[in-house]
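J.: Contents of data-v1.tsv (TSV, C-alpha atoms) are given next:
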chain	number	residue	atom	x	y	z
T	1	MET	CA	0.00	0.00	0.00
T	2	ASN	CA	1.30	3.42	-0.89
T	3	SER	CA	2.23	5.11	2.39
T	4	LYS	CA	2.50	8.57	0.88
T	5	TYR	CA	0.17	11.09	2.51
T	6	HIS	CA	-2.00	12.77	-0.10
T	7	ILE	CA	-3.56	16.15	0.28
T	8	SER	CA	-7.17	16.54	-0.76
T	9	ARG	CA	-7.99	15.82	-4.39
T	10	ARG	CA	-9.01	19.47	-4.73
T	11	ASN	CA	-5.62	20.88	-3.67
T	12	PHE	CA	-3.39	19.09	-6.16
T	13	LEU	CA	-2.29	22.19	-8.07
T	14	MET	CA	0.45	22.75	-5.48
T	15	GLY	CA	2.19	19.63	-6.80
T	16	SER	CA	1.38	19.94	-10.49
T	17	SER	CA	4.94	20.66	-11.60
T	18	ALA	CA	5.86	16.99	-11.18
T	19	LEU	CA	3.43	15.93	-13.89
T	20	ALA	CA	4.62	18.60	-16.27
T	21	ALA	CA	7.92	16.74	-16.38
T	22	VAL	CA	6.26	13.77	-18.11
T	23	GLY	CA	4.48	15.77	-20.77
T	24	ILE	CA	1.20	16.46	-18.99
T	25	THR	CA	0.26	20.10	-19.16
T	26	PHE	CA	-1.88	22.32	-16.96
T	27	SER	CA	-3.20	25.18	-19.05
T	28	PRO	CA	-6.80	26.40	-19.19
T	29	LEU	CA	-8.42	25.61	-22.51
T	30	SER	CA	-9.10	28.50	-24.82
T	31	ALA	CA	-12.43	29.10	-26.52
T	32	ASN	CA	-11.06	27.75	-29.82
T	33	ALA	CA	-9.86	24.45	-28.36
T	34	HIS	CA	-12.05	22.42	-30.71
T	35	ASN	CA	-9.30	21.78	-33.27
T	36	ASP	CA	-9.07	18.06	-33.96
T	37	ALA	CA	-5.91	16.67	-32.39
T	38	HIS	CA	-5.54	12.92	-32.84
T	39	ASN	CA	-2.92	12.58	-30.11
T	40	GLU	CA	-4.56	14.81	-27.51
T	41	LEU	CA	-7.00	14.44	-24.63
T	42	ASN	CA	-8.41	17.37	-22.65
T	43	PHE	CA	-9.22	16.21	-19.12
T	44	TYR	CA	-11.18	18.25	-16.54
T	45	ASN	CA	-10.83	16.62	-13.14
T	46	TRP	CA	-10.81	17.14	-9.38
T	47	ASP	CA	-7.37	17.90	-7.94
T	48	ASP	CA	-5.20	14.94	-6.88
T	49	TYR	CA	-7.70	12.50	-8.36
T	50	ILE	CA	-5.54	10.53	-10.76
T	51	GLY	CA	-2.71	8.06	-10.23
T	52	GLU	CA	0.89	9.23	-10.18
T	53	ASN	CA	1.69	7.46	-13.47
T	54	THR	CA	-1.75	7.03	-15.05
T	55	LEU	CA	-1.53	9.81	-17.61
T	56	SER	CA	2.10	9.18	-18.54
T	57	ASP	CA	1.32	5.45	-18.94
T	58	PHE	CA	-1.64	6.37	-21.14
T	59	ALA	CA	0.66	8.51	-23.30
T	60	ASP	CA	3.27	5.74	-23.53
T	61	ARG	CA	0.73	3.12	-24.61
T	62	THR	CA	-1.40	5.22	-26.96
T	63	GLY	CA	0.69	8.24	-27.97
T	64	ILE	CA	-2.12	10.43	-26.62
T	65	LYS	CA	-0.96	13.29	-24.40
T	66	THR	CA	-3.29	14.71	-21.77
T	67	LYS	CA	-3.97	18.36	-21.02
T	68	LEU	CA	-5.21	18.53	-17.44
T	69	ASP	CA	-7.37	21.21	-15.85
T	70	PHE	CA	-8.90	21.18	-12.37
T	71	PHE	CA	-12.22	22.23	-10.89
T	72	ALA	CA	-12.93	22.77	-7.19
T	73	ASP	CA	-16.46	21.38	-7.01
T	74	ASN	CA	-19.37	20.12	-9.09
T	75	ASP	CA	-20.96	23.56	-9.27
T	76	GLU	CA	-17.85	24.95	-10.93
T	77	LEU	CA	-17.78	22.07	-13.40
T	78	PHE	CA	-21.46	22.48	-14.25
T	79	SER	CA	-21.27	26.25	-14.60
T	80	LYS	CA	-18.25	26.12	-16.89
T	81	LEU	CA	-19.85	23.65	-19.30
T	82	ARG	CA	-23.40	25.02	-19.08
T	83	GLU	CA	-22.53	27.82	-21.49
T	84	GLY	CA	-20.86	25.42	-23.90
T	85	ASN	CA	-17.94	23.00	-23.84
T	86	PRO	CA	-14.66	24.97	-24.12
T	87	GLY	CA	-12.91	21.86	-25.44
T	88	TYR	CA	-12.91	19.11	-22.82
T	89	ASP	CA	-13.04	15.43	-23.73
T	90	ILE	CA	-13.38	13.81	-20.30
T	91	ILE	CA	-14.95	15.21	-17.13
T	92	VAL	CA	-15.55	13.71	-13.67
T	93	PRO	CA	-18.94	14.78	-12.27
T	94	SER	CA	-20.51	13.18	-9.21
T	95	ASP	CA	-23.67	11.09	-9.47
T	96	ILE	CA	-26.22	13.81	-8.81
T	97	TYR	CA	-24.54	16.05	-11.39
T	98	VAL	CA	-24.47	13.30	-14.00
T	99	GLU	CA	-28.25	13.22	-13.79
T	100	LYS	CA	-28.42	17.01	-13.84
T	101	MET	CA	-26.16	17.23	-16.90
T	102	VAL	CA	-28.08	14.52	-18.75
T	103	LYS	CA	-31.31	16.45	-18.25
T	104	ALA	CA	-29.57	19.59	-19.54
T	105	ASN	CA	-28.32	17.67	-22.63
T	106	MET	CA	-24.68	18.26	-21.67
T	107	LEU	CA	-23.31	14.71	-22.02
T	108	GLU	CA	-22.57	12.43	-24.97
T	109	ILE	CA	-23.81	8.85	-25.05
T	110	ILE	CA	-20.92	6.46	-24.39
T	111	ASP	CA	-20.45	3.72	-26.99
T	112	HIS	CA	-20.03	0.56	-24.90
T	113	ASP	CA	-18.80	-1.34	-27.97
T	114	LYS	CA	-15.64	0.76	-27.77
T	115	ILE	CA	-15.07	-0.10	-24.10
T	116	SER	CA	-13.54	-3.58	-24.08
T	117	ASN	CA	-13.06	-3.56	-20.29
T	118	MET	CA	-16.69	-2.94	-19.33
T	119	ASN	CA	-16.83	-6.43	-17.82
T	120	ASN	CA	-14.34	-5.32	-15.14
T	121	ILE	CA	-17.03	-3.13	-13.54
T	122	ASP	CA	-18.74	-4.59	-10.48
T	123	SER	CA	-22.32	-5.53	-11.41
T	124	ASN	CA	-23.66	-3.33	-8.59
T	125	PHE	CA	-22.60	-0.28	-10.61
T	126	LEU	CA	-24.01	-1.17	-14.01
T	127	ASN	CA	-27.51	0.28	-13.70
T	128	PRO	CA	-27.61	3.25	-11.29
T	129	ALA	CA	-30.78	5.27	-10.80
T	130	PHE	CA	-29.02	8.47	-11.88
T	131	ASP	CA	-27.89	6.97	-15.23
T	132	PRO	CA	-29.80	3.81	-16.20
T	133	LYS	CA	-27.73	1.29	-18.18
T	134	ARG	CA	-24.71	3.60	-17.97
T	135	GLN	CA	-25.57	5.46	-21.13
T	136	HIS	CA	-23.71	8.62	-20.16
T	137	SER	CA	-21.25	7.68	-17.43
T	138	ILE	CA	-18.70	5.11	-16.31
T	139	PRO	CA	-18.01	4.65	-12.58
T	140	TYR	CA	-14.62	6.02	-11.46
T	141	MET	CA	-14.57	5.93	-7.65
T	142	TRP	CA	-17.20	5.61	-4.92
T	143	GLY	CA	-17.49	5.93	-1.19
T	144	SER	CA	-19.34	7.37	1.76
T	145	ILE	CA	-19.48	10.50	3.84
T	146	GLY	CA	-18.93	9.90	7.53
T	147	ILE	CA	-17.07	11.11	10.60
T	148	GLY	CA	-13.29	11.13	10.78
T	149	TYR	CA	-12.18	11.37	14.38
T	150	ASP	CA	-9.22	11.57	16.74
T	151	LYS	CA	-9.55	8.39	18.81
T	152	LYS	CA	-7.67	9.63	21.86
T	153	ARG	CA	-9.38	13.00	22.13
T	154	ALA	CA	-12.83	11.74	21.15
T	155	GLY	CA	-12.71	9.04	23.79
T	156	ILE	CA	-15.49	7.08	22.08
T	157	THR	CA	-16.55	6.04	18.62
T	158	PRO	CA	-18.90	8.86	17.49
T	159	ASP	CA	-21.47	6.49	16.07
T	160	SER	CA	-24.25	9.06	15.61
T	161	TRP	CA	-24.62	12.26	13.62
T	162	SER	CA	-25.89	13.78	16.88
T	163	TYR	CA	-22.29	14.54	17.88
T	164	LEU	CA	-22.03	16.92	14.92
T	165	TYR	CA	-25.62	18.12	14.58
T	166	GLU	CA	-27.05	18.28	18.08
T	167	SER	CA	-24.43	18.05	20.85
T	168	ASN	CA	-22.04	20.30	22.74
T	169	ARG	CA	-19.71	17.43	23.71
T	170	TYR	CA	-17.08	18.52	21.18
T	171	SER	CA	-18.00	22.19	21.07
T	172	GLY	CA	-15.55	24.17	18.94
T	173	ASP	CA	-13.79	21.01	17.79
T	174	ILE	CA	-15.97	19.83	14.92
T	175	SER	CA	-16.01	20.62	11.21
T	176	LEU	CA	-18.82	20.09	8.74
T	177	LEU	CA	-18.57	20.08	4.97
T	178	SER	CA	-19.26	23.37	3.21
T	179	GLU	CA	-21.38	21.62	0.54
T	180	ALA	CA	-25.00	22.58	1.19
T	181	THR	CA	-26.68	19.57	-0.44
T	182	SER	CA	-24.56	17.03	1.45
T	183	VAL	CA	-24.84	18.71	4.86
T	184	MET	CA	-28.59	19.13	4.46
T	185	ALA	CA	-29.10	15.57	3.17
T	186	ILE	CA	-27.21	14.10	6.12
T	187	GLY	CA	-29.25	16.28	8.46
T	188	LEU	CA	-32.37	14.76	6.93
T	189	LYS	CA	-30.97	11.25	7.48
T	190	TYR	CA	-30.23	12.09	11.12
T	191	LEU	CA	-33.83	13.21	11.63
T	192	GLY	CA	-35.11	9.98	10.12
T	193	TYR	CA	-36.09	11.34	6.69
T	194	SER	CA	-34.94	10.47	3.21
T	195	ALA	CA	-31.77	12.20	2.02
T	196	ASN	CA	-33.77	12.99	-1.14
T	197	SER	CA	-36.71	14.62	0.60
T	198	THR	CA	-38.55	17.39	-1.20
T	199	ASN	CA	-40.61	18.39	1.86
T	200	PRO	CA	-39.99	22.03	2.90
T	201	LYS	CA	-41.05	21.28	6.49
T	202	GLU	CA	-38.33	18.67	6.81
T	203	TYR	CA	-35.70	21.05	5.45
T	204	LYS	CA	-36.92	23.65	7.94
T	205	GLN	CA	-36.20	21.21	10.77
T	206	VAL	CA	-32.64	20.71	9.50
T	207	GLU	CA	-32.23	24.48	9.24
T	208	GLU	CA	-33.28	24.97	12.86
T	209	LEU	CA	-31.03	22.12	13.96
T	210	LEU	CA	-27.96	23.62	12.28
T	211	ILE	CA	-28.65	27.16	13.41
T	212	ASN	CA	-28.85	25.92	17.01
T	213	GLN	CA	-25.69	23.86	16.55
T	214	LYS	CA	-23.68	26.51	14.74
T	215	LYS	CA	-22.08	27.88	17.93
T	216	HIS	CA	-20.44	24.48	18.44
T	217	ILE	CA	-19.17	24.14	14.85
T	218	LYS	CA	-15.63	25.37	14.31
T	219	VAL	CA	-15.83	25.59	10.53
T	220	PHE	CA	-17.76	24.53	7.45
T	221	ALA	CA	-14.64	23.13	5.79
T	222	GLU	CA	-13.85	23.59	2.10
T	223	ASP	CA	-12.89	19.92	1.77
T	224	ASN	CA	-9.99	20.28	4.20
T	225	GLY	CA	-11.63	18.63	7.19
T	226	GLN	CA	-9.06	15.84	6.95
T	227	ASP	CA	-6.25	18.38	7.24
T	228	LEU	CA	-7.87	19.99	10.28
T	229	LEU	CA	-8.19	16.56	11.84
T	230	ALA	CA	-4.59	15.61	11.06
T	231	SER	CA	-3.27	18.86	12.56
T	232	GLY	CA	-5.36	18.53	15.72
T	233	ASP	CA	-7.50	21.59	14.97
T	234	VAL	CA	-10.69	19.51	15.26
T	235	ILE	CA	-11.63	16.25	16.98
T	236	LEU	CA	-14.47	15.28	14.62
T	237	ALA	CA	-14.66	16.02	10.91
T	238	GLN	CA	-17.52	15.32	8.53
T	239	GLU	CA	-15.66	14.18	5.43
T	240	PHE	CA	-15.42	11.92	2.41
T	241	ASN	CA	-14.13	8.53	3.47
T	242	GLY	CA	-11.18	8.54	1.07
T	243	ASP	CA	-9.80	11.78	2.45
T	244	ILE	CA	-9.88	10.32	5.97
T	245	ALA	CA	-8.46	6.98	4.78
T	246	GLN	CA	-5.47	8.82	3.36
T	247	ILE	CA	-4.51	10.35	6.71
T	248	MET	CA	-5.24	7.07	8.48
T	249	LEU	CA	-2.25	5.67	6.58
T	250	GLU	CA	-0.02	8.11	8.46
T	251	ASP	CA	-1.69	8.28	11.86
T	252	ASP	CA	-3.03	5.24	13.71
T	253	ASN	CA	-4.92	7.58	16.05
T	254	ILE	CA	-7.25	8.69	13.26
T	255	SER	CA	-10.30	6.58	12.47
T	256	TYR	CA	-13.52	6.81	10.46
T	257	THR	CA	-17.10	5.71	10.99
T	258	VAL	CA	-20.44	5.91	9.20
T	259	PRO	CA	-23.04	6.82	11.85
T	260	LYS	CA	-25.86	4.46	12.72
T	261	GLU	CA	-28.51	6.71	11.14
T	262	GLY	CA	-26.92	6.12	7.74
T	263	SER	CA	-25.35	8.56	5.34
T	264	LEU	CA	-24.70	9.28	1.68
T	265	ILE	CA	-23.08	6.89	-0.77
T	266	TRP	CA	-21.49	8.93	-3.54
T	267	GLU	CA	-20.03	8.04	-6.90
T	268	ASP	CA	-17.76	9.98	-9.22
T	269	CYS	CA	-17.98	9.17	-12.92
T	270	LEU	CA	-16.11	9.52	-16.18
T	271	CYS	CA	-18.25	11.31	-18.78
T	272	ILE	CA	-17.79	12.72	-22.25
T	273	PRO	CA	-19.26	16.24	-22.51
T	274	LYS	CA	-21.23	17.36	-25.54
T	275	ASP	CA	-19.07	18.69	-28.39
T	276	ALA	CA	-15.93	16.97	-27.11
T	277	PRO	CA	-13.28	17.46	-29.82
T	278	ASN	CA	-11.61	14.07	-29.29
T	279	VAL	CA	-14.42	11.59	-28.68
T	280	GLU	CA	-12.41	8.59	-29.89
T	281	ASN	CA	-9.58	9.42	-27.51
T	282	ALA	CA	-12.10	9.82	-24.69
T	283	HIS	CA	-13.34	6.27	-25.28
T	284	LYS	CA	-9.74	5.01	-25.35
T	285	PHE	CA	-9.08	6.73	-22.04
T	286	ILE	CA	-12.16	5.26	-20.37
T	287	ASP	CA	-11.19	1.80	-21.58
T	288	PHE	CA	-7.65	2.33	-20.28
T	289	ILE	CA	-8.91	3.39	-16.84
T	290	LEU	CA	-11.04	0.25	-16.65
T	291	ARG	CA	-8.02	-2.05	-17.06
T	292	ALA	CA	-7.42	-4.07	-13.90
T	293	ASP	CA	-3.80	-2.95	-13.44
T	294	ILE	CA	-4.55	0.72	-14.10
T	295	GLY	CA	-7.60	0.64	-11.83
T	296	ALA	CA	-5.50	-0.89	-9.05
T	297	GLU	CA	-2.82	1.78	-9.42
T	298	LEU	CA	-5.52	4.46	-9.24
T	299	ALA	CA	-7.11	2.97	-6.15
T	300	ASP	CA	-3.77	2.56	-4.39
T	301	TYR	CA	-2.97	6.23	-4.90
T	302	ILE	CA	-6.37	7.80	-4.29
T	303	GLN	CA	-7.49	5.50	-1.44
T	304	TYR	CA	-11.16	5.64	-2.45
T	305	ALA	CA	-13.24	2.56	-3.20
T	306	THR	CA	-12.90	1.26	-6.73
T	307	PRO	CA	-15.98	-0.01	-8.63
T	308	ASN	CA	-13.54	-2.06	-10.74
T	309	LYS	CA	-13.84	-5.60	-9.39
T	310	ALA	CA	-10.84	-6.81	-11.41
T	311	ALA	CA	-8.70	-4.01	-9.94
T	312	LYS	CA	-9.88	-4.75	-6.40
T	313	GLU	CA	-8.77	-8.37	-6.79
T	314	LEU	CA	-5.21	-7.11	-7.38
T	315	MET	CA	-5.18	-5.01	-4.21
T	316	ASN	CA	-3.84	-6.14	-0.85
T	317	GLU	CA	-5.90	-6.85	2.25
T	318	GLU	CA	-5.06	-3.50	3.83
T	319	TYR	CA	-7.06	-1.81	1.08
T	320	SER	CA	-9.75	-4.33	0.15
T	321	SER	CA	-10.76	-5.08	3.76
T	322	ASN	CA	-10.53	-1.53	5.12
T	323	PRO	CA	-14.00	-0.51	6.41
T	324	ALA	CA	-13.05	3.15	5.99
T	325	ILE	CA	-12.81	2.47	2.25
T	326	PHE	CA	-15.40	-0.28	1.77
T	327	PRO	CA	-18.28	0.02	4.27
T	328	SER	CA	-20.07	-3.19	5.22
T	329	ASP	CA	-23.13	-4.32	3.28
T	330	GLU	CA	-25.22	-3.55	6.38
T	331	THR	CA	-23.91	0.02	6.44
T	332	VAL	CA	-24.50	0.52	2.73
T	333	LYS	CA	-28.13	-0.55	3.20
T	334	LEU	CA	-28.58	2.36	5.64
T	335	CYS	CA	-27.26	4.86	3.11
T	336	GLU	CA	-28.69	6.59	0.06
T	337	ASN	CA	-27.41	7.93	-3.23
T	338	GLN	CA	-28.33	11.54	-3.80
T	339	LEU	CA	-30.64	12.20	-6.72
T	340	TYR	CA	-31.20	15.35	-8.72
T	341	LEU	CA	-34.37	16.83	-7.23
T	342	GLY	CA	-34.94	19.67	-9.68
T	343	GLU	CA	-34.21	23.37	-9.72
T	344	ASP	CA	-36.95	24.33	-7.26
T	345	VAL	CA	-35.67	22.01	-4.54
T	346	GLY	CA	-32.10	23.04	-5.32
T	347	GLN	CA	-33.01	26.69	-4.85
T	348	MET	CA	-34.78	25.87	-1.58
T	349	ILE	CA	-31.62	24.16	-0.32
T	350	GLN	CA	-29.43	27.10	-1.30
T	351	ASP	CA	-31.80	29.61	0.32
T	352	THR	CA	-31.85	27.51	3.48
T	353	TRP	CA	-28.06	27.29	3.46
T	354	THR	CA	-27.73	31.05	3.07
T	355	ARG	CA	-29.87	31.57	6.17
T	356	ILE	CA	-27.81	29.06	8.15
T	357	LEU	CA	-24.51	30.71	7.25
T	358	ALA	CA	-25.90	34.19	7.98
T	359	SER	CA	-27.34	33.21	11.37
Let's see the structure in the file written out as structure tokens.
T.:
Amino acid sequence: MNSKYHISRRNFLMGSSALAAVGITFSPLSANAHNDAHNELNFYNWDDYIGENTLSDFADRTGIKTKLDFFADNDELFSKLREGNPGYDIIVPSDIYVEKMVKANMLEIIDHDKISNMNNIDSNFLNPAFDPKRQHSIPYMWGSIGIGYDKKRAGITPDSWSYLYESNRYSGDISLLSEATSVMAIGLKYLGYSANSTNPKEYKQVEELLINQKKHIKVFAEDNGQDLLASGDVILAQEFNGDIAQIMLEDDNISYTVPKEGSLIWEDCLCIPKDAPNVENAHKFIDFILRADIGAELADYIQYATPNKAAKELMNEEYSSNPAIFPSDETVKLCENQLYLGEDVGQMIQDTWTRILAS
């Protein structure tokens, strides 16, 4: 298992010079980036969300060089492509945004006949509710949102969202995500509702809960809860499991749990945006990522759960049996995938979030 400590996938730009040395470039695409380039792939990804050698290996095996840009969150990705594709061939939206982009006619249909390694995908990922029959997306990584915690300072396993949403036990030593939809959805789960509720009264209850709890929350973290936990700035951090699993490799005192009320199961996907200039190369890249050896290298570096069953079989026990990476079947049954609930519900969530932050 790779023992290197990785910073968050969204902070990778600090280390981008290393990839430049192997012919991978980091330059924003211009508006006229639609020129056909047979040996080029334009990749728009989260930071630190690709293996150390994946893109250079892809270039060595295919002659296709990758231009790599980064986005900070799904909203940035959606906003940039909503006005038209500036020239990207592969993007990595999360599940809820795949559905949103499909409904906005922003994604190409993927030709499965060009993906020889489709059979490497775990059958559980072949027909998701957000993209039936995988017409527009291929699974990249998946995982959960839970609580990363300092075992010594916490004193217990924080097995309920109550410690973050409705308790003063760790006052001033907890961080929540800054992503409105996730924080609100988990609040709904804690209160016993569906994470995909559309009921304004239920959202109002979450709003009141968070406003009352806000004095005990140190920060709504911009995906750096794992860093705050590692540095001792917080005792509990609401975070993506992979980010916590990464720091667990370096610190045996850090652990991760999915609370008993359940949580969110998320999935990030490879998609081809409309008007991609290099569609053939995009299919070649997807097929390359689905290779067992490449998928294993990705998983080893990123420390998120792979949906590639052939890759998982190549991984060691430390990875494949780690409950911080692969939650138990019982835990998964308590969790939900987020669905796209429409613009009206989305606006209600954002308005609610604005009131919480302003309180």
J.: Just checking: using all atoms listed in the file, which residue out of T:Asp351, T:Asp293, T:Glu179, T:Asp60 ends up closest to T:Leu314?
T.: T:Asp293
J.: Rounded to one decimal in Å, what is the spacing between atom CA of T:Ser94 and atom CA of T:Cys269?
T.: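 Computing it gives 6.0 Å between the two atoms.
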J.: Go through T:Phe78, T:Tyr97, T:Tyr49, T:Tyr190 one by one, measure the shortest atom-to-atom distance of each to T:Glu166 using only C-alpha atoms, and give the residue with the smallest value.
T.: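 Selected residue with least distance to T:Glu166: T:Tyr190.
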J.: Rank nothing, just name the residue among T:Ile302, T:Cys271, T:Ala221, T:Ile211 nearest to T:Arg134, using all atoms listed in the file.
T.: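 Once distances to T:Arg134 are computed over all atoms listed in the file, the minimum belongs to T:Cys271.
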J.: Can you measure atom CA of T:Lys309 to atom CA of T:Asn119 for me? One decimal in Å is fine.
T.: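 We find that atom CA of T:Lys309 and atom CA of T:Asn119 lie 9.0 Å from each other.
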J.: Report, in Å to a single decimal, how far apart atom CA of T:Ala129 and atom CA of T:Pro273 are.
T.: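 Going from atom CA of T:Pro273 over to atom CA of T:Ala129 covers 19.8 Å.
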J.: Of the candidates T:Asn45, T:Thr157, T:Asn120, T:Ser175, which one gets nearest to T:Arg291 if we count all atoms listed in the file?
T.: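 Once distances to T:Arg291 are computed over all atoms listed in the file, the minimum belongs to T:Asn120.
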J.: Box for stretch 239-253 of chain T: with edges along x, y and z, all listed atoms inside and 5 Å added on each side, what are the centre and edge lengths in Å to one decimal, as lines of an AutoDock Vina configuration file?
T.:
center_x = -7.8
center_y = 9.7
center_z = 8.6
size_x = 25.6
size_y = 18.9
size_z = 25.0
J.: Pick the closest to T:Arg169 from T:Leu188, T:Leu41, T:Ile235, T:Met141: which is it, counting all atoms listed in the file?
T.: T:Ile235
J.: For the point (-1.5, 7.6, -16.6) in file coordinates, what residues are within 12 Å, counting only C-alpha atoms? Give the answer as a PDB file with C-alpha atoms, keeping the file's coordinate frame?
T.:
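The resulting selection_30.pdb:
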ATOM      1  CA  LEU T  19       3.430  15.930 -13.890  1.00  0.00           C
ATOM      2  CA  VAL T  22       6.260  13.770 -18.110  1.00  0.00           C
ATOM      3  CA  GLY T  23       4.480  15.770 -20.770  1.00  0.00           C
ATOM      4  CA  ILE T  24       1.200  16.460 -18.990  1.00  0.00           C
ATOM      5  CA  LEU T  41      -7.000  14.440 -24.630  1.00  0.00           C
ATOM      6  CA  PHE T  43      -9.220  16.210 -19.120  1.00  0.00           C
ATOM      7  CA  TYR T  49      -7.700  12.500  -8.360  1.00  0.00           C
ATOM      8  CA  ILE T  50      -5.540  10.530 -10.760  1.00  0.00           C
ATOM      9  CA  GLY T  51      -2.710   8.060 -10.230  1.00  0.00           C
ATOM     10  CA  GLU T  52       0.890   9.230 -10.180  1.00  0.00           C
ATOM     11  CA  ASN T  53       1.690   7.460 -13.470  1.00  0.00           C
ATOM     12  CA  THR T  54      -1.750   7.030 -15.050  1.00  0.00           C
ATOM     13  CA  LEU T  55      -1.530   9.810 -17.610  1.00  0.00           C
ATOM     14  CA  SER T  56       2.100   9.180 -18.540  1.00  0.00           C
ATOM     15  CA  ASP T  57       1.320   5.450 -18.940  1.00  0.00           C
ATOM     16  CA  PHE T  58      -1.640   6.370 -21.140  1.00  0.00           C
ATOM     17  CA  ALA T  59       0.660   8.510 -23.300  1.00  0.00           C
ATOM     18  CA  ASP T  60       3.270   5.740 -23.530  1.00  0.00           C
ATOM     19  CA  ARG T  61       0.730   3.120 -24.610  1.00  0.00           C
ATOM     20  CA  THR T  62      -1.400   5.220 -26.960  1.00  0.00           C
ATOM     21  CA  GLY T  63       0.690   8.240 -27.970  1.00  0.00           C
ATOM     22  CA  ILE T  64      -2.120  10.430 -26.620  1.00  0.00           C
ATOM     23  CA  LYS T  65      -0.960  13.290 -24.400  1.00  0.00           C
ATOM     24  CA  THR T  66      -3.290  14.710 -21.770  1.00  0.00           C
ATOM     25  CA  LYS T  67      -3.970  18.360 -21.020  1.00  0.00           C
ATOM     26  CA  LEU T  68      -5.210  18.530 -17.440  1.00  0.00           C
ATOM     27  CA  PHE T 285      -9.080   6.730 -22.040  1.00  0.00           C
ATOM     28  CA  ILE T 286     -12.160   5.260 -20.370  1.00  0.00           C
ATOM     29  CA  PHE T 288      -7.650   2.330 -20.280  1.00  0.00           C
ATOM     30  CA  ILE T 289      -8.910   3.390 -16.840  1.00  0.00           C
ATOM     31  CA  ARG T 291      -8.020  -2.050 -17.060  1.00  0.00           C
ATOM     32  CA  ASP T 293      -3.800  -2.950 -13.440  1.00  0.00           C
ATOM     33  CA  ILE T 294      -4.550   0.720 -14.100  1.00  0.00           C
ATOM     34  CA  GLY T 295      -7.600   0.640 -11.830  1.00  0.00           C
ATOM     35  CA  GLU T 297      -2.820   1.780  -9.420  1.00  0.00           C
ATOM     36  CA  LEU T 298      -5.520   4.460  -9.240  1.00  0.00           C
ATOM     37  CA  TYR T 301      -2.970   6.230  -4.900  1.00  0.00           C
TER      38      TYR T 301
END
J.: Go through T:Ile217, T:Ile147, T:Val345, T:Leu107 one by one, measure the shortest atom-to-atom distance of each to T:Met184 using only C-alpha atoms, and give the residue with the smallest value.
T.: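 Nearest candidate to T:Met184 out of T:Ile217, T:Ile147, T:Val345, T:Leu107: T:Val345.
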J.: May I have the residues within 9 Å of T:Glu313 as a ChimeraX atom specification, using all atoms listed in the file and disregarding those fewer than 5 positions away in the same chain?
T.: /T:292,296,308,320
